[in-house]
Amino acid sequence: MNPPIQVVSREYRNGKGRYRLLPLRELLRRIVEESDGDALVEFHDHRPVFCYLDEVELLLADFADRLRRAAELQAWGSTSLCAYDLLVDRFSKIPRPGESGVDCRNYFRAALNLFVEQLAPDELRGELILAEILQRLVCRHFELALRECQRTADMTRFDWTLPTGSILVLLPRGLSGPDRRRWLEEHVADPDPRRSGERDRVQMIIQQHFRSGHALPFDEVALPDSALLPSDLPRFFDASLSVHGLAATVAQEKADRLQEQRPAIRQLGAPTLKEMIVKIFNEIAAGDFREGEIAQEFGLSKPTFSRFAGSHWNSSMPDLWRNAAKVLSGRRDLVEIVRELGIRPRIAAMPGLPEGVFCK
Amino acid sequence: MNGQLSFIDTLARLAANPGSEVLRADLADLAAEQSPASSQLHQFVREMLSHTGPIIHLEQDGRVIGTFHLGLGGQQASQLQPGNYLLRLSTGRVLWEDTLTESDLFRSIPDQSLPLAAASEARQPPISCEELLAGGAVVLKVIPGFHGGTIGIEQGEEQA
C-alpha cells in the first residue's frame, strides 16, 4: 500500500539528497511545518524506526502490516485490513491546499509535541527517543483504527440531498431508505452543506444518537495528544523505577503491548499476564523460581514458557529477560555500576564478517 | 530452588540501593565465575548496554558489513579494503559517507633499519581521518594498517 505521494526531485531519486542526512526530528518538522513531500517520502522509504517482536528496523508500512496480521489472528478479520488502510493513510497523506481529508501532519505534530528535548542528552539519543514515541503513537492509532473500523462496519453511506447541496454521511444499516431522510430532518437542525465542517457536525449528531456518545469524528479532525496513555511514553520518561517497581514496570509494559506478544502469551490476556509476571519476579526474589509449576498453573507448555521466561538459555534470551534488561538499562546509575564493576559483555564475532574483525 | 536468575534480583535491588557494597560484591563475584549463571549475567548485561546507546551500521559498497552498538563502548572494524563506506544509524539516518582509498587504509611496513626512536614512532598508528558526527555525539576514526584499514567509532566526549 504505497503512500499517495509523488517523488518530485531528481536529487531525491538518486538517493544522494540531503534528506537522508537529516535527523528524524528535522524530517518530521519539515513534514509538519513545510508540508514537504520529499521529507515524507524519505520517512516512509528510508527511516525504519519501528520494531515488532524480534523484528527491528521496520518501515511504517511493514510495521503496520505486522500489526494487521496480529489483529487478524485475534479474530478481527477484515476489520484489521480496514484499520491497516486507515493507519497508513493517517501517516502518509497531506491534503492539497483547500482540500479536507486525512492529514498526516496532525499525527507527526503530536509526536513532535511529545518530544522533550531536555531528556535527549545528544542528537543520537534524541533520534531514538523520537523513534520510540512514533512506535507507540502508531500502535495506539492502530488500536483506535480497529475500533473505528468496527463501528463503521455497521454503517452505510447516505448522500443527503438538500436545496443548497448534499452531505455524505454514514447511517446505521438498520435505517431503511425513506427513514434515513426523515430521521436526519428530525434530528439535525439547520443543515447547510456550504458551511465549513458541516459533515462532521452532522456525523457527530448521528453517532451520538446511535452510539451513546462514542462518536469519533472524521479524519480531518486532529486527534488530541491525550490519545496517548502515560504508558505509551518511552521508558526514558520513567525515572522512578524501584526494586519493587521492576516487576510491575515490566508486567505493565508487557500487558500494554499484549498484541505484540507471541500467540500463546497473548491468549492469557493482560490481567493474567501481569499476574504471571509478578509471580515470576516474586519467586526469583525468594530464590524459589519453579518454572514448571508456573507454566502449569497458567496453562502454558514448557517450551512456550521457556521462550518467555526460562531460567536457562544458550544464545537466545527469553522475552521477559530482554524486557527486564531494557527497563533496567533506563537506570543510568545502574549502568554506570555495571561498567564500574567491569562486567563487560562477551562479544561474539559479528555475522557476515571474518572472525575477529570486530573487537572491543 | 533455582538460583540461575538471582542476578536479576540483585540488579533490581542495586537499582534501588546503588550504594550497597554487598550487592556490588555479589554481582562482581558472579561475573568473575566461569558458570552458566555467569554467562547469562554477561548476556543480560550485553542486552542492557545495547539499549543504552545508538546502533550504527557500517556499509561497504551498499552492503552492511557490521554493526556498532555504541552503548557497548568504543568499537572498531578492521582489515577493511578500499571502497565506498557509509555509517547509517539504525533509524535510517546517514551519519557519514566517504570513499576510502589505499592511501587511507594501508600503511607501509616500517623499515627495520630505522633508528629506535623512529621505529617507536612508526608503531603509533597514524590516523588518516578523524571526524565528529551527529553534532559531536560520535567520533569516527579511520586508521590505516598493514593488512587493511580500521574504522573505529566511539561516543563523543560530551556524552560521557
# chains A, B, ... in the order shown; residues from 1 in each chain; ligands from 1

$ residues_around --residues "Pro82 of chain B" --least-positions-apart "5" --cutoff "12 Å" --atoms "only C-alpha atoms" --output "JSON, numbers by chain"
{"B": [60, 61, 98, 99, 100, 101, 102, 103, 104, 105, 106, 142, 144, 147, 148, 149, 150, 151]}

$ write_last_selection --atoms "N, CA, C and O atoms" --output "PDB file, in the first residue's frame"
ATOM      1  N   GLN B  60      29.638  -1.215   3.268  1.00  0.00           N
ATOM      2  CA  GLN B  60      30.712  -1.086   2.287  1.00  0.00           C
ATOM      3  C   GLN B  60      30.116  -1.359   0.913  1.00  0.00           C
ATOM      4  O   GLN B  60      29.524  -2.428   0.691  1.00  0.00           O
ATOM      5  N   ASP B  61      30.220  -0.400   0.025  1.00  0.00           N
ATOM      6  CA  ASP B  61      29.666  -0.515  -1.324  1.00  0.00           C
ATOM      7  C   ASP B  61      28.218  -1.018  -1.299  1.00  0.00           C
ATOM      8  O   ASP B  61      27.838  -1.944  -2.026  1.00  0.00           O
ATOM      9  N   ASP B  98      31.958   8.102   2.736  1.00  0.00           N
ATOM     10  CA  ASP B  98      33.198   8.527   2.089  1.00  0.00           C
ATOM     11  C   ASP B  98      33.785   7.363   1.285  1.00  0.00           C
ATOM     12  O   ASP B  98      33.483   6.198   1.563  1.00  0.00           O
ATOM     13  N   THR B  99      34.579   7.716   0.317  1.00  0.00           N
ATOM     14  CA  THR B  99      35.308   6.695  -0.422  1.00  0.00           C
ATOM     15  C   THR B  99      36.706   6.602   0.174  1.00  0.00           C
ATOM     16  O   THR B  99      37.418   7.607   0.239  1.00  0.00           O
ATOM     17  N   LEU B 100      37.065   5.417   0.636  1.00  0.00           N
ATOM     18  CA  LEU B 100      38.386   5.238   1.250  1.00  0.00           C
ATOM     19  C   LEU B 100      39.302   4.525   0.254  1.00  0.00           C
ATOM     20  O   LEU B 100      38.949   3.465  -0.293  1.00  0.00           O
ATOM     21  N   THR B 101      40.441   5.134   0.024  1.00  0.00           N
ATOM     22  CA  THR B 101      41.370   4.599  -0.961  1.00  0.00           C
ATOM     23  C   THR B 101      42.495   3.822  -0.257  1.00  0.00           C
ATOM     24  O   THR B 101      42.554   3.780   0.968  1.00  0.00           O
ATOM     25  N   GLU B 102      43.375   3.279  -1.051  1.00  0.00           N
ATOM     26  CA  GLU B 102      44.522   2.542  -0.487  1.00  0.00           C
ATOM     27  C   GLU B 102      45.329   3.426   0.450  1.00  0.00           C
ATOM     28  O   GLU B 102      45.775   2.990   1.503  1.00  0.00           O
ATOM     29  N   SER B 103      45.488   4.678   0.052  1.00  0.00           N
ATOM     30  CA  SER B 103      46.308   5.556   0.897  1.00  0.00           C
ATOM     31  C   SER B 103      45.625   5.864   2.234  1.00  0.00           C
ATOM     32  O   SER B 103      46.281   6.197   3.207  1.00  0.00           O
ATOM     33  N   ASP B 104      44.286   5.764   2.273  1.00  0.00           N
ATOM     34  CA  ASP B 104      43.573   5.965   3.537  1.00  0.00           C
ATOM     35  C   ASP B 104      43.684   4.730   4.433  1.00  0.00           C
ATOM     36  O   ASP B 104      43.658   4.838   5.660  1.00  0.00           O
ATOM     37  N   LEU B 105      43.771   3.550   3.823  1.00  0.00           N
ATOM     38  CA  LEU B 105      43.607   2.308   4.585  1.00  0.00           C
ATOM     39  C   LEU B 105      44.885   1.488   4.789  1.00  0.00           C
ATOM     40  O   LEU B 105      44.918   0.588   5.624  1.00  0.00           O
ATOM     41  N   PHE B 106      45.916   1.775   4.001  1.00  0.00           N
ATOM     42  CA  PHE B 106      47.133   0.961   4.115  1.00  0.00           C
ATOM     43  C   PHE B 106      48.329   1.829   4.505  1.00  0.00           C
ATOM     44  O   PHE B 106      48.433   2.979   4.087  1.00  0.00           O
ATOM     45  N   VAL B 142      39.524   6.783  11.094  1.00  0.00           N
ATOM     46  CA  VAL B 142      39.972   5.819  10.091  1.00  0.00           C
ATOM     47  C   VAL B 142      41.480   5.662  10.279  1.00  0.00           C
ATOM     48  O   VAL B 142      42.224   6.652  10.231  1.00  0.00           O
ATOM     49  N   PRO B 144      44.889   3.600   9.099  1.00  0.00           N
ATOM     50  CA  PRO B 144      45.472   2.658   8.132  1.00  0.00           C
ATOM     51  C   PRO B 144      46.275   1.567   8.828  1.00  0.00           C
ATOM     52  O   PRO B 144      46.819   1.774   9.909  1.00  0.00           O
ATOM     53  N   HIS B 147      47.550  -4.635   6.854  1.00  0.00           N
ATOM     54  CA  HIS B 147      46.733  -5.586   6.081  1.00  0.00           C
ATOM     55  C   HIS B 147      45.354  -5.035   5.735  1.00  0.00           C
ATOM     56  O   HIS B 147      44.467  -5.762   5.325  1.00  0.00           O
ATOM     57  N   GLY B 148      45.159  -3.786   5.947  1.00  0.00           N
ATOM     58  CA  GLY B 148      43.857  -3.164   5.683  1.00  0.00           C
ATOM     59  C   GLY B 148      43.592  -2.113   6.741  1.00  0.00           C
ATOM     60  O   GLY B 148      44.283  -2.058   7.765  1.00  0.00           O
ATOM     61  N   GLY B 149      42.598  -1.290   6.505  1.00  0.00           N
ATOM     62  CA  GLY B 149      42.331  -0.190   7.429  1.00  0.00           C
ATOM     63  C   GLY B 149      41.351  -0.564   8.513  1.00  0.00           C
ATOM     64  O   GLY B 149      40.741  -1.629   8.498  1.00  0.00           O
ATOM     65  N   THR B 150      41.228   0.361   9.470  1.00  0.00           N
ATOM     66  CA  THR B 150      40.289   0.167  10.579  1.00  0.00           C
ATOM     67  C   THR B 150      39.396   1.397  10.685  1.00  0.00           C
ATOM     68  O   THR B 150      39.875   2.522  10.583  1.00  0.00           O
ATOM     69  N   ILE B 151      38.099   1.138  10.859  1.00  0.00           N
ATOM     70  CA  ILE B 151      37.178   2.230  11.170  1.00  0.00           C
ATOM     71  C   ILE B 151      36.765   2.045  12.620  1.00  0.00           C
ATOM     72  O   ILE B 151      36.263   0.978  12.997  1.00  0.00           O
TER      73      ILE B 151
END

$ select_by_dssp --residues "segment 16-199 of chain A" --states "strand (DSSP E or B)" --output "list of chain:residue names"
A:Phe50, A:Cys51, A:Tyr52, A:Glu55, A:Val56, A:Glu57, A:Leu58, A:Met155, A:Thr156, A:Arg157, A:Phe158, A:Asp159, A:Trp160, A:Thr161, A:Leu162, A:Gly165, A:Ser166, A:Ile167, A:Leu168, A:Val169, A:Leu170, A:Leu171, A:Pro172

$ write_last_selection --atoms "C-alpha atoms" --output "compact mmCIF listing (two decimals), in the first residue's frame"
# COMPACT_ATOMS: atom_id res chain seq x y z
CA PHE A 50 9.80 0.64 14.09
CA CYS A 51 10.19 -2.80 15.62
CA TYR A 52 7.84 -5.72 16.10
CA GLU A 55 11.99 -7.79 14.02
CA VAL A 56 13.78 -4.47 14.16
CA GLU A 57 14.25 -1.62 11.73
CA LEU A 58 10.86 -1.84 10.06
CA MET A 155 -22.88 1.79 8.83
CA THR A 156 -23.65 2.60 5.20
CA ARG A 157 -23.19 5.80 3.26
CA PHE A 158 -26.09 8.12 2.53
CA ASP A 159 -25.98 11.19 0.34
CA TRP A 160 -28.34 13.64 1.99
CA THR A 161 -29.53 16.00 -0.75
CA LEU A 162 -30.53 19.49 0.35
CA GLY A 165 -26.03 20.92 -1.93
CA SER A 166 -25.51 17.49 -0.41
CA ILE A 167 -23.81 15.98 2.62
CA LEU A 168 -22.35 12.47 2.59
CA VAL A 169 -22.91 10.78 5.94
CA LEU A 170 -22.77 7.32 7.49
CA LEU A 171 -26.01 5.91 8.88
CA PRO A 172 -26.82 2.59 10.60

$ closest_residue --among "B:Leu11, B:Leu58, B:Leu86, B:Leu95" --to "Asp26 of chain B" --atoms "only C-alpha atoms"
B:Leu11

$ interface_residues --of "chain B" --to "chain A" --cutoff "7 Å" --atoms "only C-alpha atoms" --output "compact mmCIF listing (two decimals) with N, CA and C atoms, in the first residue's frame"
# COMPACT_ATOMS: atom_id res chain seq x y z
N MET B 1 14.36 -25.20 43.89
CA MET B 1 15.20 -24.00 44.09
C MET B 1 15.98 -23.71 42.79
N ASN B 2 16.01 -22.48 42.38
CA ASN B 2 16.66 -22.16 41.13
C ASN B 2 17.32 -20.79 41.25
N GLY B 3 18.64 -20.78 41.35
CA GLY B 3 19.34 -19.50 41.55
C GLY B 3 19.97 -18.96 40.29
N GLN B 4 19.62 -19.56 39.17
CA GLN B 4 20.22 -19.20 37.89
C GLN B 4 19.99 -17.73 37.52
N LEU B 5 18.86 -17.21 37.99
CA LEU B 5 18.49 -15.84 37.63
C LEU B 5 18.60 -14.87 38.80
N SER B 6 19.32 -15.28 39.84
CA SER B 6 19.38 -14.42 41.03
C SER B 6 19.99 -13.05 40.70
N ASP B 9 17.46 -10.25 40.34
CA ASP B 9 17.03 -9.69 41.62
C ASP B 9 18.12 -8.76 42.18
N ALA B 12 18.08 -5.52 40.31
CA ALA B 12 16.90 -4.72 40.67
C ALA B 12 17.10 -4.06 42.03
N ARG B 13 17.68 -4.83 42.98
CA ARG B 13 17.90 -4.25 44.32
C ARG B 13 19.00 -3.19 44.27
N ALA B 15 19.51 -1.28 41.77
CA ALA B 15 18.89 -0.09 41.17
C ALA B 15 18.24 0.76 42.26
N ALA B 16 17.70 0.09 43.27
CA ALA B 16 17.04 0.82 44.36
C ALA B 16 18.06 1.31 45.39
N PRO B 18 21.88 1.90 45.09
CA PRO B 18 23.14 1.86 44.33
C PRO B 18 24.40 1.84 45.20
N ALA B 28 29.84 -8.72 41.31
CA ALA B 28 31.21 -8.86 40.82
C ALA B 28 31.67 -10.31 40.93
N ALA B 31 30.06 -12.36 38.23
CA ALA B 31 30.63 -12.01 36.92
C ALA B 31 31.97 -12.69 36.69
N HIS B 42 26.40 -12.11 31.84
CA HIS B 42 27.09 -11.34 30.81
C HIS B 42 26.18 -11.05 29.62
N GLN B 43 25.36 -12.04 29.26
CA GLN B 43 24.42 -11.81 28.15
C GLN B 43 23.39 -10.76 28.53
N PHE B 44 22.95 -10.83 29.78
CA PHE B 44 21.95 -9.87 30.26
C PHE B 44 22.54 -8.45 30.23
N VAL B 45 23.78 -8.34 30.68
CA VAL B 45 24.45 -7.02 30.68
C VAL B 45 24.61 -6.51 29.26
N ARG B 46 24.95 -7.43 28.37
CA ARG B 46 25.08 -7.02 26.96
C ARG B 46 23.76 -6.47 26.44
N GLU B 47 22.68 -7.18 26.79
CA GLU B 47 21.35 -6.73 26.36
C GLU B 47 21.05 -5.35 26.96
N MET B 48 21.38 -5.20 28.26
CA MET B 48 21.15 -3.90 28.92
C MET B 48 21.91 -2.79 28.20
N LEU B 49 23.20 -3.02 28.01
CA LEU B 49 24.05 -1.96 27.43
C LEU B 49 23.68 -1.66 25.98
N HIS B 51 20.91 -1.28 24.90
CA HIS B 51 19.80 -0.32 24.89
C HIS B 51 20.25 1.06 25.36
N THR B 52 21.49 1.18 25.76
CA THR B 52 21.92 2.46 26.31
C THR B 52 22.52 3.37 25.25
N PRO B 54 22.99 4.25 20.76
CA PRO B 54 22.52 4.03 19.39
C PRO B 54 23.21 2.84 18.71
N ILE B 65 28.22 -4.50 6.45
CA ILE B 65 29.27 -5.45 6.82
C ILE B 65 29.46 -5.56 8.32
N GLY B 66 28.75 -4.76 9.08
CA GLY B 66 28.88 -4.87 10.53
C GLY B 66 28.03 -3.86 11.25
N GLY B 74 33.51 1.98 22.81
CA GLY B 74 34.14 2.19 21.51
C GLY B 74 34.33 0.87 20.79
N GLN B 75 34.10 0.85 19.51
CA GLN B 75 34.24 -0.38 18.74
C GLN B 75 34.90 -0.07 17.41
N GLN B 76 35.44 -1.10 16.81
CA GLN B 76 36.09 -0.88 15.52
C GLN B 76 35.95 -2.07 14.58
N ALA B 77 36.04 -1.77 13.31
CA ALA B 77 36.04 -2.82 12.29
C ALA B 77 37.38 -2.71 11.58
N SER B 78 38.04 -3.84 11.41
CA SER B 78 39.39 -3.77 10.85
C SER B 78 39.53 -4.60 9.58
N GLN B 79 40.73 -4.59 9.03
CA GLN B 79 41.06 -5.29 7.78
C GLN B 79 40.16 -4.83 6.62
N SER B 90 20.56 3.17 13.07
CA SER B 90 19.51 2.15 12.91
C SER B 90 18.16 2.76 12.50
N THR B 91 17.99 4.05 12.76
CA THR B 91 16.74 4.69 12.35
C THR B 91 16.77 5.13 10.88
N GLY B 92 17.86 4.82 10.19
CA GLY B 92 17.93 5.10 8.76
C GLY B 92 18.75 6.33 8.39
N ARG B 93 19.01 7.18 9.37
CA ARG B 93 19.74 8.41 9.04
C ARG B 93 21.20 8.11 8.72
N VAL B 94 21.68 8.68 7.62
CA VAL B 94 23.08 8.51 7.24
C VAL B 94 23.93 9.51 8.02
N LEU B 95 24.96 8.99 8.70
CA LEU B 95 25.81 9.85 9.52
C LEU B 95 27.07 10.27 8.79
N ALA B 134 27.16 13.71 13.92
CA ALA B 134 25.90 13.96 14.64
C ALA B 134 26.10 14.97 15.78
N GLY B 135 26.62 16.11 15.43
CA GLY B 135 26.79 17.17 16.42
C GLY B 135 27.78 16.83 17.51
N ALA B 137 28.24 13.76 18.81
CA ALA B 137 27.82 12.60 19.60
C ALA B 137 28.68 11.37 19.31

$ residues_around --residues "Phe91 of chain A" --least-positions-apart "6" --cutoff "10 Å" --atoms "only C-alpha atoms" --output "VMD selection string"
chain A and resid 3 40 44 60 to 61 102 to 108 138 141

$ residues_around --residues "segment 254-270 of chain A" --least-positions-apart "4" --cutoff "8 Å" --atoms "only C-alpha atoms" --output "PyMOL selection string"
chain A and resi 52-53+67+70-71+231+250+274+298+300+304

$ write_last_selection --atoms "all heavy atoms" --output "PDB file, in the first residue's frame"
ATOM      1  N   TYR A  52       8.972  -4.881  15.736  1.00  0.00           N
ATOM      2  CA  TYR A  52       7.841  -5.725  16.101  1.00  0.00           C
ATOM      3  C   TYR A  52       8.395  -7.063  16.585  1.00  0.00           C
ATOM      4  O   TYR A  52       9.047  -7.768  15.815  1.00  0.00           O
ATOM      5  CB  TYR A  52       6.913  -5.925  14.900  1.00  0.00           C
ATOM      6  CG  TYR A  52       5.692  -6.734  15.247  1.00  0.00           C
ATOM      7  CD1 TYR A  52       4.604  -6.125  15.867  1.00  0.00           C
ATOM      8  CD2 TYR A  52       5.632  -8.090  15.000  1.00  0.00           C
ATOM      9  CE1 TYR A  52       3.492  -6.858  16.229  1.00  0.00           C
ATOM     10  CE2 TYR A  52       4.525  -8.832  15.351  1.00  0.00           C
ATOM     11  CZ  TYR A  52       3.460  -8.208  15.969  1.00  0.00           C
ATOM     12  OH  TYR A  52       2.360  -8.946  16.325  1.00  0.00           O
ATOM     13  N   LEU A  53       8.145  -7.390  17.841  1.00  0.00           N
ATOM     14  CA  LEU A  53       8.737  -8.575  18.459  1.00  0.00           C
ATOM     15  C   LEU A  53      10.243  -8.567  18.197  1.00  0.00           C
ATOM     16  O   LEU A  53      10.908  -7.621  18.542  1.00  0.00           O
ATOM     17  CB  LEU A  53       8.069  -9.849  17.931  1.00  0.00           C
ATOM     18  CG  LEU A  53       6.584 -10.014  18.307  1.00  0.00           C
ATOM     19  CD1 LEU A  53       6.019 -11.290  17.685  1.00  0.00           C
ATOM     20  CD2 LEU A  53       6.377 -10.035  19.812  1.00  0.00           C
ATOM     21  N   LEU A  67       1.164  -5.406  12.499  1.00  0.00           N
ATOM     22  CA  LEU A  67       0.040  -5.157  13.415  1.00  0.00           C
ATOM     23  C   LEU A  67      -1.254  -5.722  12.810  1.00  0.00           C
ATOM     24  O   LEU A  67      -2.080  -6.306  13.511  1.00  0.00           O
ATOM     25  CB  LEU A  67      -0.121  -3.651  13.667  1.00  0.00           C
ATOM     26  CG  LEU A  67       1.018  -2.972  14.433  1.00  0.00           C
ATOM     27  CD1 LEU A  67       0.799  -1.458  14.487  1.00  0.00           C
ATOM     28  CD2 LEU A  67       1.127  -3.518  15.852  1.00  0.00           C
ATOM     29  N   ALA A  70      -1.294  -9.459  13.211  1.00  0.00           N
ATOM     30  CA  ALA A  70      -1.551  -9.826  14.620  1.00  0.00           C
ATOM     31  C   ALA A  70      -3.030  -9.651  14.941  1.00  0.00           C
ATOM     32  O   ALA A  70      -3.635 -10.489  15.617  1.00  0.00           O
ATOM     33  CB  ALA A  70      -0.699  -8.955  15.540  1.00  0.00           C
ATOM     34  N   ALA A  71      -3.627  -8.562  14.437  1.00  0.00           N
ATOM     35  CA  ALA A  71      -5.055  -8.323  14.703  1.00  0.00           C
ATOM     36  C   ALA A  71      -5.906  -9.398  14.030  1.00  0.00           C
ATOM     37  O   ALA A  71      -6.910  -9.846  14.589  1.00  0.00           O
ATOM     38  CB  ALA A  71      -5.440  -6.936  14.195  1.00  0.00           C
ATOM     39  N   SER A 231       1.453   5.189  29.723  1.00  0.00           N
ATOM     40  CA  SER A 231       2.330   4.051  29.443  1.00  0.00           C
ATOM     41  C   SER A 231       2.784   4.026  27.987  1.00  0.00           C
ATOM     42  O   SER A 231       3.601   3.203  27.603  1.00  0.00           O
ATOM     43  CB  SER A 231       1.628   2.743  29.795  1.00  0.00           C
ATOM     44  OG  SER A 231       0.428   2.643  29.077  1.00  0.00           O
ATOM     45  N   VAL A 250       7.766  -4.023  34.212  1.00  0.00           N
ATOM     46  CA  VAL A 250       7.862  -4.987  33.108  1.00  0.00           C
ATOM     47  C   VAL A 250       6.484  -5.591  32.826  1.00  0.00           C
ATOM     48  O   VAL A 250       6.077  -5.725  31.659  1.00  0.00           O
ATOM     49  CB  VAL A 250       8.877  -6.106  33.435  1.00  0.00           C
ATOM     50  CG1 VAL A 250       8.888  -7.170  32.350  1.00  0.00           C
ATOM     51  CG2 VAL A 250      10.275  -5.516  33.579  1.00  0.00           C
ATOM     52  N   LYS A 274      -0.033 -10.114  33.529  1.00  0.00           N
ATOM     53  CA  LYS A 274       0.584  -9.306  34.597  1.00  0.00           C
ATOM     54  C   LYS A 274       0.754 -10.138  35.864  1.00  0.00           C
ATOM     55  O   LYS A 274       1.805 -10.094  36.514  1.00  0.00           O
ATOM     56  CB  LYS A 274      -0.286  -8.077  34.888  1.00  0.00           C
ATOM     57  CG  LYS A 274      -0.109  -6.970  33.867  1.00  0.00           C
ATOM     58  CD  LYS A 274      -1.144  -5.894  33.982  1.00  0.00           C
ATOM     59  CE  LYS A 274      -0.912  -4.951  35.120  1.00  0.00           C
ATOM     60  NZ  LYS A 274      -1.830  -3.794  35.055  1.00  0.00           N
ATOM     61  N   PHE A 298      -0.476 -21.560  34.676  1.00  0.00           N
ATOM     62  CA  PHE A 298      -1.051 -20.620  33.714  1.00  0.00           C
ATOM     63  C   PHE A 298      -1.359 -21.269  32.360  1.00  0.00           C
ATOM     64  O   PHE A 298      -1.646 -20.586  31.382  1.00  0.00           O
ATOM     65  CB  PHE A 298      -0.110 -19.411  33.545  1.00  0.00           C
ATOM     66  CG  PHE A 298      -0.106 -18.518  34.756  1.00  0.00           C
ATOM     67  CD1 PHE A 298       0.764 -18.754  35.797  1.00  0.00           C
ATOM     68  CD2 PHE A 298      -1.017 -17.473  34.876  1.00  0.00           C
ATOM     69  CE1 PHE A 298       0.761 -17.948  36.938  1.00  0.00           C
ATOM     70  CE2 PHE A 298      -1.021 -16.655  36.007  1.00  0.00           C
ATOM     71  CZ  PHE A 298      -0.143 -16.902  37.049  1.00  0.00           C
ATOM     72  N   LEU A 300       0.490 -22.982  30.216  1.00  0.00           N
ATOM     73  CA  LEU A 300       1.438 -22.835  29.108  1.00  0.00           C
ATOM     74  C   LEU A 300       2.285 -24.100  28.986  1.00  0.00           C
ATOM     75  O   LEU A 300       2.605 -24.743  29.994  1.00  0.00           O
ATOM     76  CB  LEU A 300       2.361 -21.639  29.348  1.00  0.00           C
ATOM     77  CG  LEU A 300       1.694 -20.262  29.408  1.00  0.00           C
ATOM     78  CD1 LEU A 300       2.722 -19.201  29.809  1.00  0.00           C
ATOM     79  CD2 LEU A 300       1.071 -19.899  28.063  1.00  0.00           C
ATOM     80  N   THR A 304       6.896 -23.115  25.515  1.00  0.00           N
ATOM     81  CA  THR A 304       6.392 -21.732  25.423  1.00  0.00           C
ATOM     82  C   THR A 304       6.882 -20.916  26.614  1.00  0.00           C
ATOM     83  O   THR A 304       7.363 -19.788  26.464  1.00  0.00           O
ATOM     84  CB  THR A 304       4.843 -21.721  25.396  1.00  0.00           C
ATOM     85  OG1 THR A 304       4.422 -22.418  24.230  1.00  0.00           O
ATOM     86  CG2 THR A 304       4.300 -20.311  25.367  1.00  0.00           C
TER      87      THR A 304
END

$ select_by_dssp --residues "segment 11-145 of chain B" --states "helix (DSSP H, G or I)" --output "NGL selection string"
:B and (11-16 or 21-32 or 36-50 or 70-72 or 102-105 or 116-123 or 134-136)

$ atom_distance --atom1 "atom CA of Arg201 of chain A" --atom2 "atom CA of Trp183 of chain A"
15.3 Å

$ residues_around --residues "segment 77-83 of chain A" --least-positions-apart "5" --cutoff "6 Å" --atoms "only C-alpha atoms" --output "ChimeraX atom specification"
/A:68,71-72,145-146,149

$ write_last_selection --atoms "C-alpha atoms" --output "short mmCIF file (atom, residue, chain, number, x, y, z; two decimals), in the first residue's frame"
data_model
loop_
_atom_site.label_atom_id
_atom_site.label_comp_id
_atom_site.auth_asym_id
_atom_site.auth_seq_id
_atom_site.Cartn_x
_atom_site.Cartn_y
_atom_site.Cartn_z
CA ARG A 68 -2.61 -6.08 10.81
CA ALA A 71 -5.05 -8.32 14.70
CA GLU A 72 -6.23 -10.83 12.12
CA ALA A 145 -8.39 2.48 13.88
CA LEU A 146 -9.55 -1.05 14.74
CA CYS A 149 -13.46 0.34 11.58
#

$ atom_distance --atom1 "atom CA of Gly19 of chain B" --atom2 "atom CA of Thr249 of chain A"
22.5 Å

$ closest_residue --among "B:Gly62, B:Gly136, B:Pro126, B:Gly53" --to "Leu89 of chain B" --atoms "only C-alpha atoms"
B:Gly53

$ atom_distance --atom1 "atom CA of Leu41 of chain B" --atom2 "atom CA of Asp29 of chain B"
11.2 Å
